[in-house]
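> Input file: data04.txt. Contents: compact mmCIF, C-alpha atoms.
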# COMPACT_ATOMS: atom_id res chain seq x y z
CA MET P 1 9.18 -50.51 -57.31
CA GLU P 2 10.10 -51.93 -53.93
CA THR P 3 7.58 -51.90 -51.12
CA ASP P 4 7.28 -53.62 -47.76
CA ASN P 5 3.58 -54.29 -48.28
CA LYS P 6 3.13 -58.08 -48.44
CA THR P 7 0.03 -58.08 -50.67
CA GLU P 8 0.39 -60.52 -53.57
CA ILE P 9 -1.33 -60.84 -56.94
CA PRO P 10 -4.35 -63.18 -56.50
CA GLU P 11 -3.47 -66.58 -57.95
CA GLY P 12 -6.46 -66.70 -60.30
CA LEU P 13 -5.63 -63.33 -61.80
CA ALA P 14 -2.00 -64.28 -62.22
CA CYS P 15 -3.07 -67.40 -64.15
CA ASP P 16 -5.32 -65.33 -66.44
CA LEU P 17 -2.52 -63.06 -67.62
CA VAL P 18 0.80 -63.38 -69.43
CA LEU P 19 2.99 -60.81 -67.73
CA SER P 20 6.53 -59.53 -68.00
CA GLU P 21 8.35 -58.71 -64.75
CA SER P 22 7.56 -55.03 -65.21
CA MET P 23 3.86 -55.76 -65.80
CA LYS P 24 3.86 -58.04 -62.73
CA ASN P 25 5.22 -55.16 -60.64
CA GLN P 26 2.53 -52.85 -61.98
CA LEU P 27 -0.21 -55.36 -61.20
CA ARG P 28 1.20 -55.99 -57.76
CA GLN P 29 1.10 -52.26 -56.97
CA ILE P 30 -2.49 -52.13 -58.23
CA CYS P 31 -3.36 -55.04 -55.92
CA ILE P 32 -1.66 -53.36 -52.94
CA TYR P 33 -3.68 -50.19 -53.47
CA ALA P 34 -6.90 -52.16 -54.03
CA SER P 35 -6.43 -54.02 -50.75
CA LEU P 36 -5.81 -50.75 -48.85
CA VAL P 37 -8.94 -49.02 -50.16
CA GLY P 38 -11.20 -52.07 -50.07
CA ILE P 39 -11.55 -52.81 -53.78
CA ASP P 40 -12.22 -56.50 -54.43
CA MET P 41 -9.88 -57.78 -57.15
CA ASP P 42 -11.97 -60.96 -57.53
CA GLU P 43 -15.01 -58.87 -58.50
CA ILE P 44 -12.94 -57.13 -61.16
CA ARG P 45 -11.68 -60.46 -62.41
CA VAL P 46 -15.23 -61.83 -62.68
CA LYS P 47 -16.39 -58.70 -64.53
CA LEU P 48 -13.50 -58.79 -67.00
CA THR P 49 -14.04 -62.52 -67.55
CA GLU P 50 -17.73 -61.91 -68.35
CA GLU P 51 -16.68 -59.21 -70.80
CA GLY P 52 -14.24 -61.59 -72.48
CA VAL P 53 -11.18 -59.55 -71.54
CA LEU P 54 -9.84 -62.36 -69.36
CA PRO P 55 -8.25 -64.86 -69.63
CA CYS P 56 -5.44 -63.67 -71.92
CA ARG P 57 -3.24 -65.94 -74.00
CA ASP P 58 -0.46 -63.52 -74.86
CA LYS P 59 1.39 -60.43 -73.65
CA ASN P 60 -0.42 -57.99 -75.96
CA SER P 61 -3.90 -58.87 -74.79
CA SER P 62 -2.59 -58.99 -71.22
CA LYS P 63 -1.35 -55.43 -71.62
CA LYS P 64 -4.84 -54.29 -72.58
CA ALA P 65 -6.37 -56.26 -69.72
CA LEU P 66 -3.86 -54.72 -67.30
CA SER P 67 -4.89 -51.28 -68.49
CA GLU P 68 -8.54 -52.12 -67.80
CA ILE P 69 -7.71 -53.47 -64.36
CA TYR P 70 -5.79 -50.25 -63.67
CA ASP P 71 -8.80 -48.13 -64.64
CA HIS P 72 -11.10 -50.16 -62.39
CA VAL P 73 -8.81 -49.72 -59.40
CA ALA P 74 -7.02 -46.38 -59.84
CA CYS P 75 -9.69 -44.29 -61.56
CA SER P 76 -12.92 -45.55 -60.03
CA PHE P 77 -13.62 -42.97 -57.28
CA MET Q 78 17.74 -31.22 -22.23
CA SER Q 79 14.33 -31.51 -23.84
CA HIS Q 80 11.55 -29.17 -24.97
CA ALA Q 81 7.81 -29.63 -25.46
CA LEU Q 82 8.38 -30.40 -29.15
CA PHE Q 83 11.83 -31.96 -29.01
CA GLU Q 84 13.26 -34.90 -27.13
CA ASN Q 85 16.84 -33.69 -27.55
CA ILE Q 86 18.48 -30.44 -28.57
CA TYR Q 87 21.79 -30.55 -30.41
CA VAL Q 88 24.08 -27.73 -31.47
CA GLU Q 89 26.86 -28.09 -34.00
CA LYS Q 90 30.09 -26.92 -32.35
CA ASN Q 91 30.94 -24.43 -35.08
CA ALA Q 92 27.47 -22.86 -34.80
CA ALA Q 93 27.52 -22.60 -31.02
CA SER Q 94 28.35 -18.90 -30.86
CA ASP Q 95 26.19 -17.80 -33.82
CA ALA Q 96 23.76 -15.05 -32.87
CA GLU Q 97 20.82 -17.09 -34.17
CA THR Q 98 21.89 -20.13 -32.15
CA VAL Q 99 22.06 -18.10 -28.95
CA ARG Q 100 18.72 -16.47 -29.72
CA ILE Q 101 16.96 -19.77 -30.52
CA LEU Q 102 18.32 -21.47 -27.40
CA GLU Q 103 17.07 -18.55 -25.34
CA ARG Q 104 13.66 -18.72 -26.97
CA ILE Q 105 13.25 -22.40 -26.14
CA GLY Q 106 14.79 -22.00 -22.68
CA CYS Q 107 17.65 -24.39 -23.30
CA ASP Q 108 20.96 -23.71 -21.62
CA GLU Q 109 22.48 -27.18 -21.87
CA PRO Q 110 22.26 -28.47 -25.41
CA GLN Q 111 24.33 -31.43 -26.56
CA TYR Q 112 27.21 -30.40 -28.80
CA ILE Q 113 27.95 -32.37 -31.94
CA ALA Q 114 30.59 -32.18 -34.67
CA HIS Q 115 28.21 -32.19 -37.64
CA TYR Q 116 24.44 -32.04 -37.96
CA LYS Q 117 24.46 -35.18 -40.12
CA ASP Q 118 25.77 -37.18 -37.13
CA VAL Q 119 22.22 -36.94 -35.75
CA PHE Q 120 20.03 -35.88 -38.67
CA ASN Q 121 21.06 -38.74 -40.95
CA LEU Q 122 20.50 -41.48 -38.39
CA ARG Q 123 17.70 -43.79 -39.43
CA LYS Q 124 15.44 -44.58 -36.51
CA GLU Q 125 13.70 -47.93 -36.32
CA ASN Q 126 10.57 -46.42 -34.84
CA SER Q 127 9.43 -43.63 -37.12
CA SER Q 128 7.07 -42.25 -34.48
CA SER Q 129 9.77 -41.89 -31.84
CA GLY Q 130 10.56 -38.43 -30.46
CA ARG Q 131 12.27 -35.88 -32.63
CA SER Q 132 15.36 -33.82 -32.02
CA LEU Q 133 16.15 -30.22 -32.81
CA ILE Q 134 19.53 -29.50 -34.35
CA LEU Q 135 21.07 -26.07 -34.76
CA ALA Q 136 23.82 -26.01 -37.36
CA ARG Q 137 25.50 -24.12 -40.15
CA ASN Q 138 24.60 -24.92 -43.71
CA PRO Q 139 27.71 -26.36 -45.36
CA GLY Q 140 26.10 -26.36 -48.81
CA LYS Q 141 24.21 -23.96 -51.02
CA HIS Q 142 21.80 -21.56 -49.36
CA LEU Q 143 19.54 -21.24 -52.39
CA TYR Q 144 18.49 -23.76 -55.01
CA GLU Q 145 16.62 -23.33 -58.26
CA GLY Q 146 13.04 -24.59 -58.06
CA ALA Q 147 12.25 -28.15 -59.21
CA PRO Q 148 10.12 -28.66 -62.34
CA VAL Q 149 7.14 -29.86 -60.29
CA CYS Q 150 7.12 -26.66 -58.22
CA GLN Q 151 4.94 -23.81 -59.35
CA SER Q 152 6.99 -20.77 -60.35
CA PHE Q 153 3.95 -18.44 -60.50
CA GLY Q 154 5.29 -16.76 -63.61
CA ASN Q 155 8.60 -15.88 -61.99
CA GLU Q 156 11.61 -16.46 -64.23
CA HIS Q 157 14.17 -16.63 -61.39
CA PHE Q 158 12.59 -18.98 -58.94
CA TYR Q 159 14.58 -20.35 -55.97
CA TYR Q 160 13.98 -22.07 -52.71
CA SER Q 161 15.84 -21.92 -49.42
CA PRO Q 162 16.66 -25.06 -47.42
CA GLY Q 163 17.14 -22.89 -44.30
CA VAL Q 164 15.17 -25.28 -42.11
CA MET Q 165 15.05 -28.99 -42.87
CA ASN Q 166 11.94 -30.93 -41.89
CA CYS Q 167 8.57 -30.05 -40.47
CA ILE Q 168 6.73 -30.39 -37.17
CA TYR Q 169 3.64 -31.57 -39.02
CA ASP Q 170 3.17 -35.18 -40.05
CA CYS Q 171 1.52 -35.13 -43.48
CA GLU Q 172 1.40 -38.66 -44.82
CA TYR Q 173 2.15 -37.67 -48.41
CA CYS Q 174 4.88 -35.10 -47.73
CA PHE Q 175 7.99 -35.45 -49.90
CA LEU Q 176 10.11 -34.64 -46.85
CA LYS Q 177 9.39 -38.19 -45.63
CA GLY Q 178 11.11 -39.49 -48.73
CA MET Q 179 13.85 -36.89 -48.66
CA TYR Q 180 15.01 -37.06 -45.04
CA PRO Q 181 15.81 -40.17 -42.99
CA GLY Q 182 13.83 -39.23 -39.87
CA ARG Q 183 11.69 -36.63 -38.10
CA ASP Q 184 14.45 -34.48 -36.64
CA ILE Q 185 14.39 -30.79 -37.49
CA CYS Q 186 17.58 -29.00 -38.43
CA ILE Q 187 17.63 -25.20 -38.34
CA PHE Q 188 20.51 -23.54 -40.14
CA THR Q 189 21.60 -20.60 -38.05
CA ASP Q 190 23.53 -18.80 -40.77
CA ILE Q 191 20.44 -17.21 -42.32
CA ARG Q 192 22.54 -14.06 -42.98
CA GLU Q 193 24.58 -16.09 -45.50
CA THR Q 194 21.33 -16.95 -47.29
CA PHE Q 195 20.45 -13.27 -47.50
CA LYS Q 196 23.96 -12.44 -48.79
CA GLU Q 197 23.57 -15.01 -51.60
CA LEU Q 198 20.12 -13.67 -52.33
CA GLU Q 199 21.32 -10.09 -52.53
CA GLU Q 200 24.04 -11.13 -55.00
CA LEU Q 201 21.37 -12.66 -57.21
CA GLU Q 202 19.23 -9.57 -56.81
CA LYS Q 203 21.98 -7.52 -58.44
CA GLN Q 204 21.41 -9.58 -61.61
CA PHE Q 205 17.63 -10.01 -61.72
CA PRO Q 206 14.46 -9.96 -59.60
CA VAL Q 207 14.41 -13.07 -57.44
CA TYR Q 208 11.47 -15.09 -56.14
CA VAL Q 209 12.27 -17.34 -53.17
CA CYS Q 210 10.23 -20.01 -51.44
CA ALA Q 211 11.46 -19.65 -47.87
CA SER Q 212 9.28 -22.34 -46.34
CA TYR Q 213 9.89 -25.09 -48.86
CA ASN Q 214 11.38 -27.83 -46.64
CA THR Q 215 9.48 -26.93 -43.50
CA ASP Q 216 6.59 -24.83 -42.18
CA LEU Q 217 8.21 -21.61 -41.01
CA ASN Q 218 5.05 -20.12 -39.51
CA ALA Q 219 4.69 -23.15 -37.26
CA LEU Q 220 8.26 -22.65 -36.02
CA GLU Q 221 8.11 -18.87 -35.69
CA SER Q 222 8.16 -18.91 -31.87
CA ILE Q 223 11.44 -20.79 -32.08
CA THR Q 224 13.21 -19.25 -35.08
CA GLY Q 225 11.79 -15.80 -35.78
CA TYR Q 226 12.67 -16.54 -39.42
CA VAL Q 227 9.30 -15.45 -40.83
CA GLU Q 228 10.03 -11.98 -39.53
CA GLU Q 229 13.56 -12.11 -40.99
CA TRP Q 230 12.28 -13.11 -44.43
CA CYS Q 231 9.52 -10.51 -44.38
CA ARG Q 232 12.09 -7.85 -43.50
CA GLU Q 233 14.36 -9.00 -46.32
CA ALA Q 234 11.50 -8.63 -48.81
CA TYR Q 235 10.49 -5.32 -47.26
CA GLU Q 236 13.99 -3.88 -47.64
CA HIS Q 237 14.76 -5.22 -51.15
CA GLU Q 238 12.61 -4.20 -54.07
CA LYS Q 239 13.72 -7.07 -56.28
CA ILE Q 240 13.30 -9.84 -53.74
CA SER Q 241 9.94 -11.58 -53.37
CA VAL Q 242 9.40 -14.24 -50.74
CA GLU Q 243 6.75 -16.91 -50.55
CA ILE Q 244 6.06 -18.44 -47.15
CA ARG Q 245 4.04 -21.60 -47.54
CA THR Q 246 2.15 -22.82 -44.47
CA LYS Q 247 -0.62 -24.91 -42.95
CA CYS Q 248 -0.21 -23.12 -39.63
CA SER Q 249 -3.21 -21.44 -38.01
CA ARG Q 250 -1.36 -18.77 -36.06
CA THR Q 251 -3.14 -15.46 -36.37
CA ASP Q 252 -1.01 -13.48 -33.93
CA ILE Q 253 2.15 -13.07 -35.99
CA PHE Q 254 0.98 -11.01 -38.96
CA ASP Q 255 0.53 -7.70 -37.14
CA LYS Q 256 4.14 -7.85 -35.95
CA LEU Q 257 5.71 -8.37 -39.37
CA PRO Q 258 6.99 -5.77 -41.85
CA VAL Q 259 4.29 -5.71 -44.54
CA SER Q 260 5.13 -5.55 -48.22
CA ASP Q 261 3.56 -6.81 -51.40
CA ARG Q 262 6.68 -8.93 -51.88
CA ALA Q 263 6.09 -11.14 -48.83
CA ILE Q 264 3.43 -13.61 -49.92
CA PHE Q 265 1.78 -15.98 -47.48
CA ALA Q 266 0.66 -19.15 -49.25
CA PHE Q 267 -1.82 -21.21 -47.28
CA THR Q 268 -2.37 -24.85 -48.12
CA LEU Q 269 -6.08 -25.57 -47.74
CA SER Q 270 -7.45 -29.10 -47.73
CA PRO Q 271 -10.83 -30.73 -47.12
CA GLU Q 272 -11.47 -31.77 -43.52
CA GLU Q 273 -11.30 -35.43 -44.52
CA VAL Q 274 -7.84 -34.95 -46.03
CA ILE Q 275 -6.69 -33.07 -42.94
CA SER Q 276 -7.96 -35.72 -40.51
CA ARG Q 277 -6.76 -38.69 -42.56
CA PHE Q 278 -3.59 -37.54 -44.26
CA GLU Q 279 -2.34 -34.33 -42.60
CA LYS Q 280 -1.85 -35.43 -39.01
CA GLY Q 281 -0.96 -32.75 -36.50
CA THR Q 282 -2.04 -29.88 -38.74
CA PRO Q 283 -4.73 -27.31 -37.94
CA GLY Q 284 -8.26 -27.87 -39.24
CA LEU Q 285 -9.71 -26.01 -42.21
CA ASP Q 286 -11.57 -23.45 -40.07
CA GLU Q 287 -8.38 -22.57 -38.21
CA ARG Q 288 -6.41 -22.21 -41.44
CA ILE Q 289 -9.14 -19.96 -42.83
CA SER Q 290 -8.83 -17.75 -39.73
CA ALA Q 291 -5.10 -17.45 -40.41
CA VAL Q 292 -5.76 -16.55 -44.06
CA ASN Q 293 -8.11 -13.78 -42.96
CA ALA Q 294 -5.59 -12.49 -40.40
CA ALA Q 295 -2.88 -12.26 -43.08
CA VAL Q 296 -5.25 -10.48 -45.48
CA LYS Q 297 -6.30 -8.07 -42.74
CA ALA Q 298 -2.66 -7.26 -41.94
CA GLY Q 299 -2.15 -6.30 -45.60
CA PHE Q 300 -0.12 -9.25 -46.88
CA PRO Q 301 -0.68 -10.71 -50.32
CA VAL Q 302 -2.22 -14.14 -49.81
CA ARG Q 303 -2.18 -17.20 -52.02
CA LEU Q 304 -4.57 -20.08 -51.50
CA CYS Q 305 -3.02 -23.42 -52.41
CA PHE Q 306 -5.29 -26.33 -53.23
CA ASP Q 307 -2.18 -28.36 -53.68
CA PRO Q 308 -1.51 -31.19 -53.28
CA MET Q 309 -4.97 -32.51 -54.05
CA ILE Q 310 -5.36 -36.10 -52.89
CA TYR Q 311 -7.35 -38.84 -54.60
CA PHE Q 312 -9.65 -40.81 -52.28
CA ARG Q 313 -13.10 -42.33 -52.29
CA ASN Q 314 -15.11 -39.30 -51.16
CA ARG Q 315 -12.91 -36.67 -52.76
CA GLN Q 316 -15.43 -35.00 -55.09
CA THR Q 317 -17.85 -34.19 -52.27
CA ALA Q 318 -15.03 -33.30 -49.91
CA TYR Q 319 -13.38 -30.82 -52.29
CA THR Q 320 -16.75 -29.30 -53.24
CA GLU Q 321 -17.56 -28.75 -49.56
CA MET Q 322 -14.12 -27.24 -48.95
CA ILE Q 323 -14.52 -24.74 -51.81
CA ARG Q 324 -17.98 -23.80 -50.53
CA LYS Q 325 -16.57 -23.16 -47.06
CA VAL Q 326 -13.55 -21.22 -48.35
CA ALA Q 327 -15.67 -19.03 -50.61
CA SER Q 328 -18.13 -18.25 -47.84
CA SER Q 329 -15.41 -17.49 -45.25
CA ILE Q 330 -12.75 -15.62 -47.23
CA ASP Q 331 -13.21 -12.54 -49.41
CA LEU Q 332 -11.70 -14.05 -52.55
CA THR Q 333 -11.44 -10.65 -54.22
CA LYS Q 334 -8.71 -9.86 -51.68
CA VAL Q 335 -6.74 -13.01 -52.45
CA ARG Q 336 -3.74 -12.49 -54.73
CA ASP Q 337 -4.05 -15.81 -56.57
CA ILE Q 338 -4.88 -19.48 -56.34
CA SER Q 339 -2.64 -22.49 -56.85
CA VAL Q 340 -4.11 -25.82 -57.91
CA GLY Q 341 -2.23 -29.09 -58.25
CA SER Q 342 -2.77 -32.77 -57.71
CA PHE Q 343 -0.21 -34.78 -55.78
CA ARG Q 344 3.08 -35.52 -57.55
CA ILE Q 345 6.44 -36.64 -56.24
CA SER Q 346 9.89 -37.58 -57.48
CA ASP Q 347 10.44 -41.28 -58.17
CA GLN Q 348 13.23 -41.63 -55.61
CA TYR Q 349 11.19 -40.07 -52.80
CA LEU Q 350 8.20 -42.28 -53.58
CA LYS Q 351 10.43 -45.33 -53.62
CA ASN Q 352 11.72 -44.46 -50.13
CA MET Q 353 8.23 -43.75 -48.85
CA ARG Q 354 6.72 -46.98 -50.19
CA LYS Q 355 9.18 -48.91 -48.05
CA LYS Q 356 8.49 -46.78 -44.99
CA PHE Q 357 4.69 -46.65 -45.27
CA PRO Q 358 3.36 -49.95 -46.65
CA GLU Q 359 -0.15 -49.30 -45.32
CA SER Q 360 -0.61 -45.77 -46.69
CA GLU Q 361 -3.23 -45.51 -49.42
CA VAL Q 362 -1.78 -42.21 -50.62
CA ILE Q 363 1.74 -43.58 -50.94
CA GLN Q 364 0.71 -46.96 -52.34
CA TYR Q 365 -1.52 -45.53 -55.09
CA PRO Q 366 -0.31 -46.94 -58.46
CA TYR Q 367 0.97 -43.63 -59.83
CA ILE Q 368 2.13 -43.11 -63.40
CA CYS Q 369 5.78 -42.09 -63.79
CA GLU Q 370 6.46 -39.24 -66.21
CA ASP Q 371 9.90 -37.68 -66.56
CA GLY Q 372 11.04 -38.95 -63.17
CA TYR Q 373 7.94 -37.82 -61.30
CA TYR Q 374 5.06 -39.98 -60.14
CA GLN Q 375 1.61 -38.50 -60.57
CA TYR Q 376 -2.01 -39.50 -61.01
CA PRO Q 377 -3.03 -40.70 -64.48
CA GLU Q 378 -4.06 -37.91 -66.84
CA LYS Q 379 -7.81 -38.46 -66.57
CA VAL Q 380 -7.74 -38.51 -62.76
CA ARG Q 381 -5.58 -35.42 -62.35
CA THR Q 382 -7.48 -33.46 -64.98
CA GLN Q 383 -10.79 -34.30 -63.36
CA MET Q 384 -9.52 -33.41 -59.88
CA GLU Q 385 -7.86 -30.14 -60.86
CA ASP Q 386 -10.63 -29.02 -63.22
CA GLN Q 387 -13.26 -29.54 -60.56
CA VAL Q 388 -11.55 -27.15 -58.15
CA LYS Q 389 -10.60 -24.63 -60.84
CA GLN Q 390 -14.16 -24.52 -62.14
CA GLN Q 391 -15.73 -24.18 -58.71
CA ILE Q 392 -13.33 -21.42 -57.66
CA SER Q 393 -13.90 -19.56 -60.94
CA GLU Q 394 -17.65 -19.75 -60.37
CA LYS Q 395 -17.25 -18.30 -56.89
CA CYS Q 396 -14.83 -15.58 -57.97
CA PRO Q 397 -14.79 -14.98 -61.74
CA GLY Q 398 -11.50 -13.63 -63.03
CA ILE Q 399 -9.39 -14.75 -60.07
CA ARG Q 400 -5.88 -15.75 -61.16
CA ILE Q 401 -5.43 -19.51 -60.95
CA TYR Q 402 -2.04 -21.18 -61.37
CA ASP Q 403 -1.81 -24.77 -62.47
CA TRP Q 404 1.50 -26.55 -61.77
CA ARG Q 405 1.67 -28.05 -65.30
How does this structure look as structure tokens?

Amino acid sequence: METDNKTEIPEGLACDLVLSESMKNQLRQICIYASLVGIDMDEIRVKLTEEGVLPCRDKNSSKKALSEIYDHVACSF
Amino acid sequence: MSHALFENIYVEKNAASDAETVRILERIGCDEPQYIAHYKDVFNLRKENSSSGRSLILARNPGKHLYEGAPVCQSFGNEHFYYSPGVMNCIYDCEYCFLKGMYPGRDICIFTDIRETFKELEELEKQFPVYVCASYNTDLNALESITGYVEEWCREAYEHEKISVEIRTKCSRTDIFDKLPVSDRAIFAFTLSPEEVISRFEKGTPGLDERISAVNAAVKAGFPVRLCFDPMIYFRNRQTAYTEMIRKVASSIDLTKVRDISVGSFRISDQYLKNMRKKFPESEVIQYPYICEDGYYQYPEKVRTQMEDQVKQQISEKCPGIRIYDWR
């Protein structure tokens, strides 16, 4: 979905995931919201790396990782 | 010619001699409005600066006067549920309001042919009991000094046994209720929000204490009153904020005198959200990564359930047996 917010997906996170265009848009929206409410995406990346969720080698595991990232950002308050 | 609320006042030429037009112009002390051919010539203009002054437009409604309610609106158990677009846009500036996605700017358009709305309504009434949201695209109470439409709607409900009217508001006026024709078919629905939501996301609206005073004035005058905890907004401190709001509401309002409660978390049509995301890139409410279901964006299931259940449970504890409507 189009937005004028210029926030981008952090490069490290982008490299850890195999994303379709639609998944990229979802992640970008998650990153926009995270930046507005002060959630650090790098901390989430570190946590998910420690848990073995990241990095992902294919789209299926990336989908699961994206769902976890979503929960950390959109359902954490 | 300007007014305290409006930078410019426009009148559609074909509405110039309407009784409501004359009355509204008198009320706002305007004797030299600018005449235009069609309200859309002004209303549909996109303004670069969204915080620039707003205009008032008086016009005739060229379209339908009543619409069936959208799926995301609560029907409160009413089978024939309509809304009136009699006034388009609101003087308040709520960050999440769907009107920001629906209309191009902040201008307010008042349709002066309210009698045509009542005619359509009375035709429907011949077929079935009708429930109408009269303040759906605006806040009628907040405009009552200008329009007098709250009184008109209350009279319509008072005079017609099969017509029920809901007037939704965040306005804190307490002086209007004693002057209105009272009936159990004119329902005042007050949107109540935590102070933090009001200060952060409902700019220009009265505080919670002021809204509570208005609720009590409406109850005292004998009107059925609905308390709307809708839309509930997700933010960092929301659990504490909503708990505090319920505590304050329950200690300030006799809930046994409230007709019912409406609870709902924020949801919005996909097209409106799309428009709003472009307009408000820095808004945390608008930029939340909502889930799209059947053309409507909403919070994910676990978030909305948690939010709505919290308020429903706390209200039920304060007033067991009170009727609570959930939008889903």
> Counting only C-alpha atoms, find the residues whose atoms lie at most 12 Å from (-2.3, -56.5, -72.8) (file coordinates) and write them out as a VMD selection string.
chain P and resid 16 to 20 23 to 24 27 53 to 70
> Provide an axis-aligned box for all listed atoms of segment 92-105 of chain Q, padding each side by 8 Å; report its centre and its edge lengths in Å to one decimal, as JSON.

{"center_x": 20.8, "center_y": -19.0, "center_z": -30.1, "size_x": 31.1, "size_y": 23.8, "size_z": 25.5}
> Counting only C-alpha atoms, which residues from chain P have an atom at most 12 Å from any atom of chain Q, and could you show them as a PDB file with C-alpha atoms, keeping the file's coordinate frame?

ATOM      1  CA  MET P   1       9.180 -50.510 -57.310  1.00  0.00           C
ATOM      2  CA  GLU P   2      10.100 -51.930 -53.930  1.00  0.00           C
ATOM      3  CA  THR P   3       7.580 -51.900 -51.120  1.00  0.00           C
ATOM      4  CA  ASP P   4       7.280 -53.620 -47.760  1.00  0.00           C
ATOM      5  CA  ASN P   5       3.580 -54.290 -48.280  1.00  0.00           C
ATOM      6  CA  LYS P   6       3.130 -58.080 -48.440  1.00  0.00           C
ATOM      7  CA  THR P   7       0.030 -58.080 -50.670  1.00  0.00           C
ATOM      8  CA  ASN P  25       5.220 -55.160 -60.640  1.00  0.00           C
ATOM      9  CA  GLN P  26       2.530 -52.850 -61.980  1.00  0.00           C
ATOM     10  CA  LEU P  27      -0.210 -55.360 -61.200  1.00  0.00           C
ATOM     11  CA  ARG P  28       1.200 -55.990 -57.760  1.00  0.00           C
ATOM     12  CA  GLN P  29       1.100 -52.260 -56.970  1.00  0.00           C
ATOM     13  CA  ILE P  30      -2.490 -52.130 -58.230  1.00  0.00           C
ATOM     14  CA  CYS P  31      -3.360 -55.040 -55.920  1.00  0.00           C
ATOM     15  CA  ILE P  32      -1.660 -53.360 -52.940  1.00  0.00           C
ATOM     16  CA  TYR P  33      -3.680 -50.190 -53.470  1.00  0.00           C
ATOM     17  CA  ALA P  34      -6.900 -52.160 -54.030  1.00  0.00           C
ATOM     18  CA  SER P  35      -6.430 -54.020 -50.750  1.00  0.00           C
ATOM     19  CA  LEU P  36      -5.810 -50.750 -48.850  1.00  0.00           C
ATOM     20  CA  VAL P  37      -8.940 -49.020 -50.160  1.00  0.00           C
ATOM     21  CA  GLY P  38     -11.200 -52.070 -50.070  1.00  0.00           C
ATOM     22  CA  ILE P  39     -11.550 -52.810 -53.780  1.00  0.00           C
ATOM     23  CA  SER P  67      -4.890 -51.280 -68.490  1.00  0.00           C
ATOM     24  CA  ILE P  69      -7.710 -53.470 -64.360  1.00  0.00           C
ATOM     25  CA  TYR P  70      -5.790 -50.250 -63.670  1.00  0.00           C
ATOM     26  CA  ASP P  71      -8.800 -48.130 -64.640  1.00  0.00           C
ATOM     27  CA  HIS P  72     -11.100 -50.160 -62.390  1.00  0.00           C
ATOM     28  CA  VAL P  73      -8.810 -49.720 -59.400  1.00  0.00           C
ATOM     29  CA  ALA P  74      -7.020 -46.380 -59.840  1.00  0.00           C
ATOM     30  CA  CYS P  75      -9.690 -44.290 -61.560  1.00  0.00           C
ATOM     31  CA  SER P  76     -12.920 -45.550 -60.030  1.00  0.00           C
ATOM     32  CA  PHE P  77     -13.620 -42.970 -57.280  1.00  0.00           C
TER      33      PHE P  77
END
> Between atom CA of Arg303 of chain Q and atom CA of Phe278 of chain Q, what is the distance in Å, rounded to a tenth?
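According to the coordinates, atom CA of Arg303 of chain Q and atom CA of Phe278 of chain Q are separated by 21.8 Å.
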> Give as an MDAnalysis selection string every residue, naming chains and numbers as the document does, that has an atom within 12 Å of (14.6, -37.7, -52.1), counting only C-alpha atoms.
chainID Q and resid 174:181 214 345:353 372:373
> Fewer than 6 positions away in the same chain doesn't count, so skip those; otherwise give me all residues within 12 Å of Leu82 of chain Q, counting all atoms listed in the file, as an MDAnalysis selection string.
chainID Q and resid 105 129:133 167:169 183:185 219:220 222:223
> Based on the selection just made, write C-alpha atoms of those residues as a compact mmCIF listing (two decimals), in the frame of the given file.

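The new file again00.txt reads:
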# COMPACT_ATOMS: atom_id res chain seq x y z
CA ILE Q 105 13.25 -22.40 -26.14
CA SER Q 129 9.77 -41.89 -31.84
CA GLY Q 130 10.56 -38.43 -30.46
CA ARG Q 131 12.27 -35.88 -32.63
CA SER Q 132 15.36 -33.82 -32.02
CA LEU Q 133 16.15 -30.22 -32.81
CA CYS Q 167 8.57 -30.05 -40.47
CA ILE Q 168 6.73 -30.39 -37.17
CA TYR Q 169 3.64 -31.57 -39.02
CA ARG Q 183 11.69 -36.63 -38.10
CA ASP Q 184 14.45 -34.48 -36.64
CA ILE Q 185 14.39 -30.79 -37.49
CA ALA Q 219 4.69 -23.15 -37.26
CA LEU Q 220 8.26 -22.65 -36.02
CA SER Q 222 8.16 -18.91 -31.87
CA ILE Q 223 11.44 -20.79 -32.08
> To one decimal place, how far is atom CA of Phe195 of chain Q from atom CA of Pro162 of chain Q in Å?
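Separation of atom CA of Phe195 of chain Q and atom CA of Pro162 of chain Q: 12.4 Å.
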> Record the distance separating atom CA of Met165 of chain Q and atom CA of Thr215 of chain Q, expressed in Å with one decimal.
6.0 Å
> Select, from Q:Arg400, Q:Ile310, Q:Pro283, Q:Lys256, the residue with the minimum atom-to-atom distance to Arg336 of chain Q, counting all atoms listed in the file.
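Looking only at the distances to Arg336 of chain Q, the closest residue turns out to be Q:Arg400.
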> Between Q:Asp286, Q:Glu321, Q:Glu221, Q:Glu273, which residue has the minimum interatomic distance to Ile101 of chain Q, considering all atoms listed in the file?
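Selected residue with least distance to Ile101 of chain Q: Q:Glu221.
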> Quick one: residues within 12 Å of Ser94 of chain Q, only C-alpha atoms counted, chain neighbours fewer than 5 positions away excluded, as a PDB file with C-alpha atoms, in the frame of the given file?

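File around.pdb, as written:
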ATOM      1  CA  VAL Q  88      24.080 -27.730 -31.470  1.00  0.00           C
ATOM      2  CA  GLU Q  89      26.860 -28.090 -34.000  1.00  0.00           C
ATOM      3  CA  VAL Q  99      22.060 -18.100 -28.950  1.00  0.00           C
ATOM      4  CA  ARG Q 100      18.720 -16.470 -29.720  1.00  0.00           C
ATOM      5  CA  ILE Q 101      16.960 -19.770 -30.520  1.00  0.00           C
ATOM      6  CA  LEU Q 102      18.320 -21.470 -27.400  1.00  0.00           C
ATOM      7  CA  TYR Q 112      27.210 -30.400 -28.800  1.00  0.00           C
ATOM      8  CA  LEU Q 135      21.070 -26.070 -34.760  1.00  0.00           C
ATOM      9  CA  ALA Q 136      23.820 -26.010 -37.360  1.00  0.00           C
ATOM     10  CA  ARG Q 137      25.500 -24.120 -40.150  1.00  0.00           C
ATOM     11  CA  THR Q 189      21.600 -20.600 -38.050  1.00  0.00           C
ATOM     12  CA  ASP Q 190      23.530 -18.800 -40.770  1.00  0.00           C
TER      13      ASP Q 190
END
